[in-house]
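Here is the file model20.txt (compact mmCIF, C-alpha atoms).
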# COMPACT_ATOMS: atom_id res chain seq x y z
CA MET A 29 -45.89 60.65 60.45
CA ALA A 30 -47.21 57.18 61.38
CA VAL A 31 -45.96 55.79 58.05
CA LEU A 32 -42.51 57.21 58.76
CA VAL A 33 -42.36 55.57 62.19
CA VAL A 34 -43.63 52.22 60.89
CA LEU A 35 -41.10 52.19 58.04
CA CYS A 36 -38.24 53.11 60.37
CA ILE A 37 -39.21 50.30 62.75
CA LEU A 38 -39.43 47.92 59.79
CA GLY A 39 -35.94 49.02 58.73
CA ILE A 40 -34.59 48.31 62.20
CA VAL A 41 -36.24 44.87 62.17
CA LEU A 42 -34.62 44.13 58.79
CA GLY A 43 -31.26 45.21 60.19
CA THR A 44 -31.69 42.94 63.21
CA VAL A 45 -32.59 39.97 61.01
CA GLN A 46 -29.55 40.73 58.81
CA ASN A 47 -27.24 40.87 61.85
CA SER A 48 -28.63 37.63 63.17
CA ALA A 49 -28.06 35.91 59.79
CA ARG A 50 -24.51 37.29 59.59
CA THR A 51 -23.52 35.94 62.98
CA GLN A 52 -24.45 32.49 61.62
CA ASP A 53 -22.46 33.11 58.37
CA HIS A 54 -25.68 33.28 56.34
CA VAL A 55 -27.21 35.92 54.10
CA ASP A 56 -30.64 37.18 55.13
CA ARG A 57 -33.59 36.48 52.83
CA VAL A 58 -34.33 40.13 51.99
CA SER A 59 -30.75 40.90 50.90
CA SER A 60 -30.62 37.70 48.88
CA ILE A 61 -33.89 38.46 47.02
CA VAL A 62 -32.90 42.07 46.33
CA ARG A 63 -29.46 41.06 45.01
CA SER A 64 -31.03 38.40 42.76
CA ALA A 65 -33.38 41.02 41.32
CA ILE A 66 -30.66 43.63 40.78
CA MET A 67 -27.93 41.30 39.49
CA PRO A 68 -29.12 40.94 35.83
CA ILE A 69 -29.01 44.68 35.13
CA SER A 70 -25.80 45.09 37.13
CA THR A 71 -24.06 42.32 35.17
CA MET A 72 -25.25 43.82 31.90
CA MET A 73 -24.02 47.31 32.86
CA THR A 74 -20.64 45.95 34.03
CA SER A 75 -20.23 44.15 30.71
CA ILE A 76 -21.16 47.25 28.68
CA SER A 77 -18.86 49.45 30.76
CA ARG A 78 -15.87 47.10 30.38
CA THR A 79 -16.45 46.55 26.66
CA THR A 80 -16.64 50.30 26.05
CA SER A 81 -13.57 51.17 28.11
CA GLY A 82 -11.67 48.22 26.57
CA PHE A 83 -12.54 49.39 23.07
CA VAL A 84 -11.47 52.97 23.79
CA GLU A 85 -8.23 51.88 25.49
CA GLY A 86 -7.47 49.40 22.69
CA THR A 87 -7.96 52.06 20.04
CA ILE A 88 -5.77 54.59 21.82
CA SER A 89 -2.88 52.29 22.72
CA ALA A 90 -3.01 49.52 20.10
CA ASN A 91 0.74 49.58 19.39
CA ARG A 92 1.69 49.28 23.06
CA LEU A 93 -0.79 46.43 23.53
CA VAL A 94 0.68 44.47 20.60
CA GLN A 95 4.18 44.74 22.11
CA GLU A 96 2.88 43.78 25.55
CA ASN A 97 1.07 40.80 24.05
CA ARG A 98 4.34 39.56 22.49
CA ARG A 99 6.16 39.94 25.79
CA LEU A 100 3.43 38.09 27.69
CA LYS A 101 3.50 35.20 25.19
CA GLN A 102 7.26 34.82 25.77
CA MET A 103 6.70 34.88 29.54
CA GLU A 104 3.97 32.26 29.23
CA ALA A 105 6.35 29.93 27.37
CA VAL A 106 8.95 30.30 30.15
CA TYR A 107 6.28 29.80 32.83
CA ALA A 108 5.04 26.59 31.19
CA THR A 109 8.47 24.96 31.59
CA TYR A 110 8.38 25.57 35.35
CA THR A 111 4.77 24.54 35.99
CA GLU A 112 5.48 20.83 35.71
CA GLN A 113 8.41 21.03 38.16
CA ILE A 114 6.36 23.07 40.64
CA ASP A 115 3.43 20.61 40.50
CA SER A 116 5.82 17.73 41.14
CA LEU A 117 7.42 19.52 44.11
CA LYS A 118 3.98 20.41 45.53
CA SER A 119 2.79 16.81 45.43
CA THR A 120 6.04 15.66 47.13
CA ASN A 121 5.48 18.33 49.79
CA ASP A 122 1.88 17.14 50.31
CA GLU A 123 3.02 13.55 50.71
CA LEU A 124 5.72 14.53 53.23
CA ARG A 125 3.24 16.66 55.24
CA ALA A 126 0.76 13.77 55.28
CA MET A 127 3.49 11.36 56.45
CA ALA A 128 4.56 13.77 59.20
CA GLY A 129 0.94 14.26 60.30
CA PHE A 130 0.80 17.99 59.40
CA SER A 131 -2.38 19.60 58.07
CA GLN A 132 -2.49 20.65 54.41
CA VAL A 133 -1.37 24.16 53.51
CA PRO A 134 -4.40 26.42 52.84
CA GLY A 135 -4.86 28.20 49.54
CA LYS A 136 -4.21 25.22 47.26
CA ILE A 137 -7.52 25.51 45.45
CA ARG A 138 -7.94 28.65 43.34
CA VAL A 139 -11.43 29.53 42.13
CA PRO A 140 -11.32 32.25 39.43
CA ALA A 141 -14.02 34.91 39.71
CA SER A 142 -15.10 38.09 37.98
CA VAL A 143 -15.76 41.25 39.95
CA ILE A 144 -19.35 42.23 39.17
CA GLY A 145 -19.91 45.02 41.66
CA PHE A 146 -18.21 47.58 43.87
CA SER A 147 -19.57 49.00 47.15
CA ILE A 148 -16.96 51.51 48.20
CA ASN A 149 -18.76 52.91 51.24
CA GLU A 150 -18.83 49.40 52.68
CA ASN A 151 -15.37 48.40 51.38
CA ARG A 152 -16.86 45.42 49.57
CA LEU A 153 -16.78 43.74 46.19
CA THR A 154 -19.31 41.38 44.69
CA ILE A 155 -17.90 38.42 42.75
CA ASN A 156 -19.69 35.93 40.51
CA VAL A 157 -18.84 32.71 42.37
CA GLY A 158 -20.45 31.26 45.48
CA SER A 159 -21.07 28.09 47.42
CA ASN A 160 -21.88 26.21 44.18
CA GLN A 161 -18.23 26.71 43.18
CA GLY A 162 -16.95 25.71 46.62
CA VAL A 163 -16.45 29.22 48.03
CA LYS A 164 -16.58 29.43 51.82
CA ALA A 165 -16.85 32.37 54.22
CA GLY A 166 -13.46 33.58 55.44
CA SER A 167 -11.53 32.38 52.38
CA PRO A 168 -8.86 34.81 51.15
CA VAL A 169 -9.27 36.50 47.78
CA GLU A 170 -6.24 37.56 45.74
CA CYS A 171 -5.48 39.16 42.40
CA ALA A 172 -2.26 39.25 40.39
CA GLU A 173 -0.89 42.10 42.55
CA GLY A 174 -1.68 40.56 45.95
CA LEU A 175 -4.29 40.02 48.66
CA VAL A 176 -7.63 41.76 48.05
CA GLY A 177 -9.70 40.66 51.05
CA THR A 178 -11.67 37.77 52.49
CA VAL A 179 -15.05 36.33 51.58
CA GLU A 180 -17.78 37.65 53.87
CA ASP A 181 -21.24 36.69 52.51
CA VAL A 182 -21.64 33.54 50.45
CA GLU A 183 -24.67 32.77 48.31
CA PRO A 184 -24.98 29.91 45.81
CA THR A 185 -23.85 31.89 42.76
CA ARG A 186 -22.20 35.03 44.17
CA SER A 187 -20.25 36.25 47.18
CA GLN A 188 -19.27 39.51 48.79
CA VAL A 189 -15.63 40.18 49.60
CA LEU A 190 -14.59 42.45 52.45
CA LEU A 191 -11.52 44.40 51.34
CA ILE A 192 -8.37 44.30 53.46
CA THR A 193 -8.65 48.08 53.76
CA SER A 194 -11.94 47.68 55.68
CA ALA A 195 -11.90 48.29 59.41
CA GLY A 196 -14.37 45.39 59.60
CA LEU A 197 -11.52 43.03 58.79
CA GLN A 198 -9.71 43.23 62.07
CA PRO A 199 -8.03 40.90 64.54
CA ASN A 200 -10.33 38.81 66.69
CA SER A 201 -13.49 39.43 64.67
CA LYS A 202 -14.91 35.96 63.98
CA GLY A 203 -11.38 34.55 63.95
CA LYS A 204 -10.30 36.64 60.97
CA VAL A 205 -6.79 37.26 62.20
CA LEU A 206 -4.81 38.86 59.42
CA GLY A 207 -1.11 38.93 60.13
CA GLY A 208 1.64 40.48 58.08
CA ILE A 209 5.40 40.00 58.02
CA ASP A 210 8.13 42.22 56.67
CA VAL A 211 10.05 40.02 54.22
CA ASN A 212 12.90 42.50 53.88
CA ARG A 213 14.19 41.75 57.40
CA LYS A 214 15.76 38.60 58.86
CA PRO A 215 14.09 37.26 60.89
CA PRO A 216 10.92 38.86 59.49
CA PRO A 217 9.02 40.78 62.20
CA ALA A 218 5.30 39.95 62.38
CA GLY A 219 2.36 42.20 63.21
CA LEU A 220 -1.42 42.38 63.13
CA LEU A 221 -3.15 44.12 60.24
CA ARG A 222 -6.19 46.33 60.41
CA GLY A 223 -7.92 48.30 57.67
CA ASP A 224 -8.32 52.05 58.05
CA ASN A 225 -11.59 52.24 56.06
CA ALA A 226 -9.68 54.29 53.54
CA SER A 227 -7.06 53.29 51.01
CA THR A 228 -4.49 52.15 53.59
CA LEU A 229 -3.97 49.54 56.34
CA THR A 230 -2.19 49.67 59.66
CA LEU A 231 0.26 46.94 60.68
CA THR A 232 0.86 46.92 64.43
CA PHE A 233 4.07 45.33 65.71
CA MET A 234 4.18 44.37 69.38
CA ASP A 235 7.91 45.14 69.40
CA PRO A 236 8.35 48.96 69.31
CA LYS A 237 11.87 48.45 67.95
CA ALA A 238 10.86 46.18 65.08
CA PRO A 239 13.27 46.86 62.17
CA VAL A 240 10.70 48.16 59.70
CA GLN A 241 11.43 50.82 57.09
CA ILE A 242 9.48 52.77 54.49
CA GLY A 243 9.31 50.82 51.24
CA ASP A 244 9.49 47.37 52.89
CA LEU A 245 7.32 44.64 51.35
CA ILE A 246 4.66 43.14 53.64
CA VAL A 247 3.23 39.68 52.96
CA THR A 248 0.75 37.47 54.81
CA SER A 249 2.24 35.76 57.83
CA GLY A 250 0.47 32.42 57.44
CA TYR A 251 -0.59 32.50 61.10
CA SER A 252 -4.12 31.67 60.04
CA GLU A 253 -6.11 28.56 59.26
CA LYS A 254 -7.29 29.94 55.93
CA ILE A 255 -4.79 32.52 54.68
CA PRO A 256 -1.52 31.01 53.43
CA ARG A 257 1.87 32.62 54.00
CA GLY A 258 3.51 34.78 51.37
CA ILE A 259 0.66 36.62 49.62
CA VAL A 260 1.70 40.22 48.97
CA ILE A 261 -0.26 42.77 51.01
CA GLY A 262 1.56 45.98 50.14
CA ARG A 263 4.44 48.29 51.00
CA VAL A 264 5.21 50.36 54.07
CA ILE A 265 4.60 54.08 53.45
CA GLN A 266 4.89 55.39 57.02
CA VAL A 267 6.37 54.15 60.30
CA GLU A 268 5.11 55.53 63.60
CA PRO A 269 6.32 54.30 67.02
CA SER A 270 3.62 54.38 69.70
CA GLU A 271 5.58 54.59 72.94
CA GLU A 272 2.38 55.00 74.94
CA PHE A 273 1.25 51.47 74.02
CA GLY A 274 4.73 50.02 73.48
CA THR A 275 4.01 49.20 69.84
CA LEU A 276 5.15 50.22 66.38
CA LYS A 277 2.55 51.12 63.77
CA ALA A 278 3.28 50.98 60.04
CA LYS A 279 0.95 52.35 57.38
CA ILE A 280 0.66 50.00 54.42
CA ASP A 281 -0.27 50.94 50.87
CA PRO A 282 -2.08 47.85 49.52
CA ALA A 283 -0.63 46.24 46.40
CA PHE A 284 -3.93 45.92 44.52
CA THR A 285 -5.57 48.77 42.64
CA LEU A 286 -9.31 48.68 43.18
CA GLY A 287 -10.25 50.31 39.89
CA ARG A 288 -8.34 47.69 37.89
CA LEU A 289 -9.87 44.65 39.57
CA GLU A 290 -11.70 42.52 37.05
CA VAL A 291 -10.56 38.96 37.78
CA VAL A 292 -9.71 37.65 41.25
CA TYR A 293 -9.06 34.21 42.77
CA VAL A 294 -10.72 32.76 45.83
CA LEU A 295 -8.28 30.48 47.67
CA GLY A 296 -9.66 27.34 49.27
CA MET B 15 -48.01 62.10 39.06
CA ARG B 16 -50.83 59.56 38.87
CA SER B 17 -50.64 57.03 41.67
CA TYR B 18 -50.20 53.68 39.86
CA LYS B 19 -48.19 55.18 37.04
CA GLY B 20 -45.96 56.94 39.57
CA TRP B 21 -45.27 53.75 41.51
CA PHE B 22 -44.61 51.80 38.33
CA ILE B 23 -42.09 54.40 37.16
CA GLY B 24 -40.59 54.53 40.66
CA ALA B 25 -40.13 50.74 40.75
CA ILE B 26 -38.44 50.72 37.32
CA LEU B 27 -36.18 53.60 38.33
CA LEU B 28 -35.19 51.85 41.57
CA TRP B 29 -34.36 48.66 39.72
CA ILE B 30 -32.20 50.47 37.17
CA ALA B 31 -30.58 52.65 39.85
CA GLY B 32 -29.79 49.55 41.94
CA GLY B 33 -28.00 47.96 38.98
CA PHE B 34 -26.15 51.19 38.22
CA GLN B 35 -25.20 51.57 41.88
CA LEU B 36 -23.51 48.18 41.98
CA SER B 37 -21.83 48.27 38.58
CA LEU B 38 -21.19 51.89 37.62
CA SER B 39 -20.96 53.90 40.82
CA TYR B 40 -17.28 53.17 41.47
CA PRO B 41 -16.08 53.34 37.83
CA MET B 42 -17.83 56.73 37.55
CA SER B 43 -16.18 58.15 40.67
CA ILE B 44 -14.39 61.50 40.50
CA TRP B 45 -11.83 62.57 43.14
CA GLY B 46 -12.91 59.70 45.37
CA ALA B 47 -16.59 60.67 45.18
CA SER B 48 -19.04 58.36 43.50
CA PRO B 49 -22.63 59.05 42.47
CA ASP B 50 -25.50 57.65 44.55
CA PHE B 51 -28.05 56.70 41.92
CA LEU B 52 -30.59 55.34 44.39
CA LEU B 53 -30.56 58.50 46.46
CA VAL B 54 -31.00 60.63 43.33
CA VAL B 55 -34.07 58.56 42.39
CA VAL B 56 -35.56 58.88 45.89
CA VAL B 57 -35.13 62.65 46.02
CA VAL B 58 -36.32 63.43 42.49
CA TRP B 59 -39.26 61.00 42.65
CA SER B 60 -40.27 62.39 46.06
CA LEU B 61 -40.37 65.90 44.56
CA PHE B 62 -43.49 64.68 42.74
CA ALA B 63 -44.96 62.71 45.65
CA GLU B 64 -46.68 63.10 48.99
CA ARG B 65 -44.56 62.71 52.09
CA ARG B 66 -45.79 59.19 52.96
CA ASN B 67 -45.11 58.00 49.40
CA GLY B 68 -41.69 59.66 49.59
CA ALA B 69 -40.99 57.81 52.83
CA ALA B 70 -42.03 54.48 51.26
CA MET B 71 -39.82 55.14 48.23
CA GLY B 72 -36.93 55.99 50.55
CA PHE B 73 -37.48 52.78 52.49
CA PHE B 74 -37.36 50.61 49.36
CA ALA B 75 -34.30 52.46 48.03
CA GLY B 76 -32.53 52.09 51.39
CA THR B 77 -33.27 48.38 51.50
CA ILE B 78 -31.92 47.92 47.97
CA GLN B 79 -28.83 50.01 48.78
CA GLY B 80 -28.12 48.08 51.97
CA ALA B 81 -28.58 44.74 50.23
CA VAL B 82 -26.42 45.43 47.17
CA ALA B 83 -23.71 47.23 49.15
CA GLY B 84 -23.62 44.59 51.88
CA GLY B 85 -24.11 47.37 54.41
CA HIS B 86 -26.42 47.51 57.39
CA LEU B 87 -30.01 47.43 56.15
CA ALA B 88 -31.34 49.45 59.09
CA THR B 89 -28.83 52.28 58.58
CA TYR B 90 -29.59 52.69 54.90
CA SER B 91 -33.36 52.18 55.06
CA VAL B 92 -33.93 54.54 58.02
CA ILE B 93 -31.78 57.35 56.54
CA ARG B 94 -33.43 57.15 53.14
CA THR B 95 -36.95 56.80 54.59
CA VAL B 96 -36.47 60.05 56.50
CA ILE B 97 -35.02 61.77 53.40
CA GLY B 98 -37.94 60.64 51.22
CA PHE B 99 -40.38 61.82 53.87
CA VAL B 100 -38.75 65.26 54.24
CA VAL B 101 -38.53 65.82 50.47
CA GLY B 102 -42.18 64.78 50.11
CA TRP B 103 -43.07 67.21 52.89
CA LEU B 104 -41.16 70.00 51.08
CA THR B 105 -43.22 69.27 47.97
CA GLY B 106 -46.35 69.98 50.00
CA LEU B 107 -45.11 73.55 50.52
CA GLU B 108 -45.99 76.15 47.95
CA PHE B 109 -42.98 76.49 45.65
CA GLU B 110 -42.29 76.21 41.96
CA GLY B 111 -40.31 73.05 41.19
CA ASN B 112 -37.64 73.20 38.50
CA ILE B 113 -34.28 71.61 37.70
CA ALA B 114 -32.42 74.12 39.91
CA VAL B 115 -34.59 73.08 42.85
CA ALA B 116 -33.87 69.42 42.00
CA PHE B 117 -30.13 70.17 42.06
CA ILE B 118 -30.26 72.01 45.40
CA VAL B 119 -32.55 69.49 47.14
CA THR B 120 -30.54 66.48 45.88
CA ALA B 121 -27.20 68.02 46.86
CA SER B 122 -28.57 68.89 50.33
CA ALA B 123 -30.11 65.43 50.77
CA THR B 124 -26.79 63.80 49.79
CA THR B 125 -24.92 65.86 52.38
CA VAL B 126 -27.45 65.00 55.10
CA ALA B 127 -27.48 61.31 54.15
CA GLN B 128 -23.68 61.05 54.18
CA ILE B 129 -23.33 62.84 57.52
CA ALA B 130 -26.04 60.64 59.04
CA TYR B 131 -24.22 57.62 57.62
CA LEU B 132 -20.96 58.86 59.13
CA LEU B 133 -22.62 59.16 62.54
CA LEU B 134 -24.27 55.72 62.37
CA SER B 135 -21.28 53.91 60.80
CA PRO B 136 -18.14 55.76 61.96
CA LYS B 137 -15.30 56.03 59.44
CA GLY B 138 -11.57 55.93 60.05
CA ALA B 139 -10.61 58.97 58.01
CA ILE B 140 -13.24 61.69 58.45
CA LEU B 141 -11.74 64.54 56.40
CA PRO B 142 -11.43 62.61 53.10
CA PHE B 143 -14.96 61.29 53.69
CA LEU B 144 -16.33 64.83 54.14
CA LEU B 145 -14.50 66.11 51.05
CA ALA B 146 -15.87 63.20 49.03
CA THR B 147 -19.33 64.03 50.41
CA ILE B 148 -19.17 67.56 48.98
CA VAL B 149 -18.15 66.27 45.54
CA SER B 150 -20.81 63.54 45.72
CA ALA B 151 -23.44 66.14 46.59
CA MET B 152 -22.58 68.15 43.47
CA TYR B 153 -22.39 65.00 41.37
CA ASN B 154 -25.81 63.78 42.52
CA GLY B 155 -27.25 67.25 42.04
CA VAL B 156 -26.13 67.28 38.41
CA LEU B 157 -27.56 63.79 37.83
CA ALA B 158 -30.86 64.88 39.40
CA MET B 159 -31.45 67.62 36.84
CA PRO B 160 -32.08 65.48 33.72
CA LEU B 161 -34.02 62.96 35.80
CA TYR B 162 -36.23 65.75 37.14
CA ALA B 163 -36.84 67.05 33.60
CA LEU B 164 -37.79 63.53 32.50
CA LEU B 165 -40.15 62.91 35.40
CA LYS B 166 -41.69 66.36 34.98
CA LYS B 167 -42.46 65.52 31.38
CA VAL B 168 -44.04 62.21 32.43
CA ALA B 169 -45.99 63.84 35.27
CA ASP B 170 -47.32 66.60 33.00
CA SER B 171 -48.23 64.26 30.16
CA PRO B 172 -52.02 64.09 29.62
CA ARG B 173 -53.86 60.86 30.35
CA ARG B 174 -54.98 59.04 27.19
Represent the supplied structure as structure tokens.
Amino acid sequence: MAVLVVLCILGIVLGTVQNSARTQDHVDRVSSIVRSAIMPISTMMTSISRTTSGFVEGTISANRLVQENRRLKQMEAVYATYTEQIDSLKSTNDELRAMAGFSQVPGKIRVPASVIGFSINENRLTINVGSNQGVKAGSPVECAEGLVGTVEDVEPTRSQVLLITSAGLQPNSKGKVLGGIDVNRKPPPAGLLRGDNASTLTLTFMDPKAPVQIGDLIVTSGYSEKIPRGIVIGRVIQVEPSEEFGTLKAKIDPAFTLGRLEVVYVLG
Amino acid sequence: MRSYKGWFIGAILLWIAGGFQLSLSYPMSIWGASPDFLLVVVVVWSLFAERRNGAAMGFFAGTIQGAVAGGHLATYSVIRTVIGFVVGWLTGLEFEGNIAVAFIVTASATTVAQIAYLLLSPKGAILPFLLATIVSAMYNGVLAMPLYALLKKVADSPRR
């Protein structure tokens, strides 16, 4: 029984040290050592799993993949013609903002990363980039479909991302205000997002008569120092007025599909 | 199981289970329930161990789980320490261990661990979590059976 008590106390001490490190945006030593030890086998298993599923999928739907490849090559050619114009417009925009004394728009630097681990109970992902690649805590992470989450723990060569569906990512927690606007309406109503710890989010509008409808597209509001405006969050699947609190709550189905996440981008 | 050999095997199993937990647990999920490799290792290993060794194994597994998942280390390590201790204590009772026992004990331990986790780290949607817990319990129970058979073979093997 004494061993049980000692180990439980030791566990509580480890938890306290971890909390203390987190409040200072650090990763505690124990977690860091354990992750370093586990990462080689995890990376190997992820690689084997993806290669196997890719091989099976490729064999089953080879014809469809060939057609999709052709279509994507055509799209790439079209995209290339616009890239130069967009870069030129961006640099003009930067110069004008600098002349007017405005701060730079966040999200200009995109660090590509591979997803190397999932922790569904904790609504977290592990990605293979860290402070060595310029990743900072609080930076938004997106995939092709939209916003995935924000960086929570940063180590030199890896980071953990808290998903937008996590209740841990909520307004007023360490300044991580995540706002969403409904782009289908003019002017677009804005609300505060909060994860439900499930597969959905809740967007709370302070105006109980906000013109929001099922199917509306929700994007980031840009009312944040780190998260730029316009990243897709998801679509409204349910609207629920809360007369008691004088608010309107909308359930959002996030745009990204967790199971398909392989490559994401950390925005700096 | 011999002491040093048992700990060596336990350490290897924890390392492999930790890697599997991070990389394969989600891709292997069924109906929203994913396997808990580390918990399976703790329970099955503790079926061959004394209660204090079971508690120590649970502590290490909980620390690994908390670290790789980014969860609260105290929550995971305390829950798994208690589970390892209780399973080790069960082993001290007079009963014949077999793969059916491994299934039942692992499924029960999974249910207890998930409910304790729910109490210590409240979830938004309780019903889906509880349904996933039942599927996870069955899933872990099935995974425990071949592992039990393997460890039984190792434990019964004669010393050279």
Compile the contact shell of segment 127-142 of chain B as a PyMOL selection string: residues with an atom at most 9 Å away, counting only C-alpha atoms, same-chain residues fewer than 6 positions apart removed. (chain A and resi 195+223-226) or (chain B and resi 46+53+86+89-90+93-94+97)
Which of these residues is nearest to chain A, using all atoms listed in the file: B:Ala121, B:Leu164, B:Val156, B:Met71?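 Ranking B:Ala121, B:Leu164, B:Val156, B:Met71 by distance to chain A, first place goes to B:Met71.
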Nearest to chain A: which of B:Gly24, B:Pro49, B:Gly84, B:Pro160 is it, counting all atoms listed in the file? B:Gly84
What does the structure give for the distance between atom CA of Gly39 of chain A and atom CA of Ser91 of chain B, in Å to one decimal?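 Result for atom CA of Gly39 of chain A versus atom CA of Ser91 of chain B: 5.5 Å, one decimal.
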At a cut-off of 8 Å, which residues of chain B touch chain A? Count only C-alpha atoms and give the answer as a PyMOL selection string. chain B and resi 29-30+32-34+36-41+66+69-70+73+77-78+80-89+91-92+95-96+99+137-139
Kindly indicate which residue among A:Glu104, A:Glu271, A:Asp235, A:Glu170 lies nearest to Ile192 of chain A, using all atoms listed in the file for the distances.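 When distances to Ile192 of chain A are compared using all atoms listed in the file, the smallest one comes from A:Glu170.
Taking atom CA of Leu295 of chain A and atom CA of Pro168 of chain A as the two end points, the separation is 5.6 Å.
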Give as a ChimeraX atom specification each residue that has an atom at most 6 Å from (-35.8, 67.2, 42.0) in the file, counting all atoms listed in the file. /B:58,61,116,162
Can you work out the spacing between atom CA of Arg222 of chain A and atom CA of Gly162 of chain A in Å, to one decimal? 27.0 Å
For segment 251-263 of chain A, work out the shell of residues within 7 Å, counting only C-alpha atoms and skipping chain neighbours fewer than 2 positions away, then give it as a PyMOL selection string. chain A and resi 133-135+167-168+174-175+205+207+243-249+265+280-283
With a distance cut-off of 7 Å and only C-alpha atoms, select the neighbouring residues of Ala31 of chain B, excluding the residue or stretch itself and same-chain residues fewer than 4 positions from it, and output the selection as a PDB file with C-alpha atoms, keeping the file's coordinate frame.
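Just written: out_24.pdb:
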ATOM      1  CA  LEU B  27     -36.180  53.600  38.330  1.00  0.00           C
ATOM      2  CA  GLN B  35     -25.200  51.570  41.880  1.00  0.00           C
ATOM      3  CA  PHE B  51     -28.050  56.700  41.920  1.00  0.00           C
ATOM      4  CA  LEU B  52     -30.590  55.340  44.390  1.00  0.00           C
TER       5      LEU B  52
END
Could you pull out every residue with an atom within 10 Å of (-9.7, 32.3, 42.1), file coordinates, counting all atoms listed in the file, and send them as a ChimeraX atom specification? /A:135,137-142,157,163,168-171,291-296
Counting all atoms listed in the file, which residue out of A:Gln102, A:Pro236, A:Lys164, A:Glu290 sits closest to Glu272 of chain A?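 Among the listed residues, the smallest separation from Glu272 of chain A belongs to A:Pro236.
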Skip Phe117 of chain B itself and residues of its chain fewer than 4 positions away, then list as an MDAnalysis selection string all residues within 10 Å of it, counting only C-alpha atoms. chainID B and resid 54 57:58 112:113 121:123 151:160 162
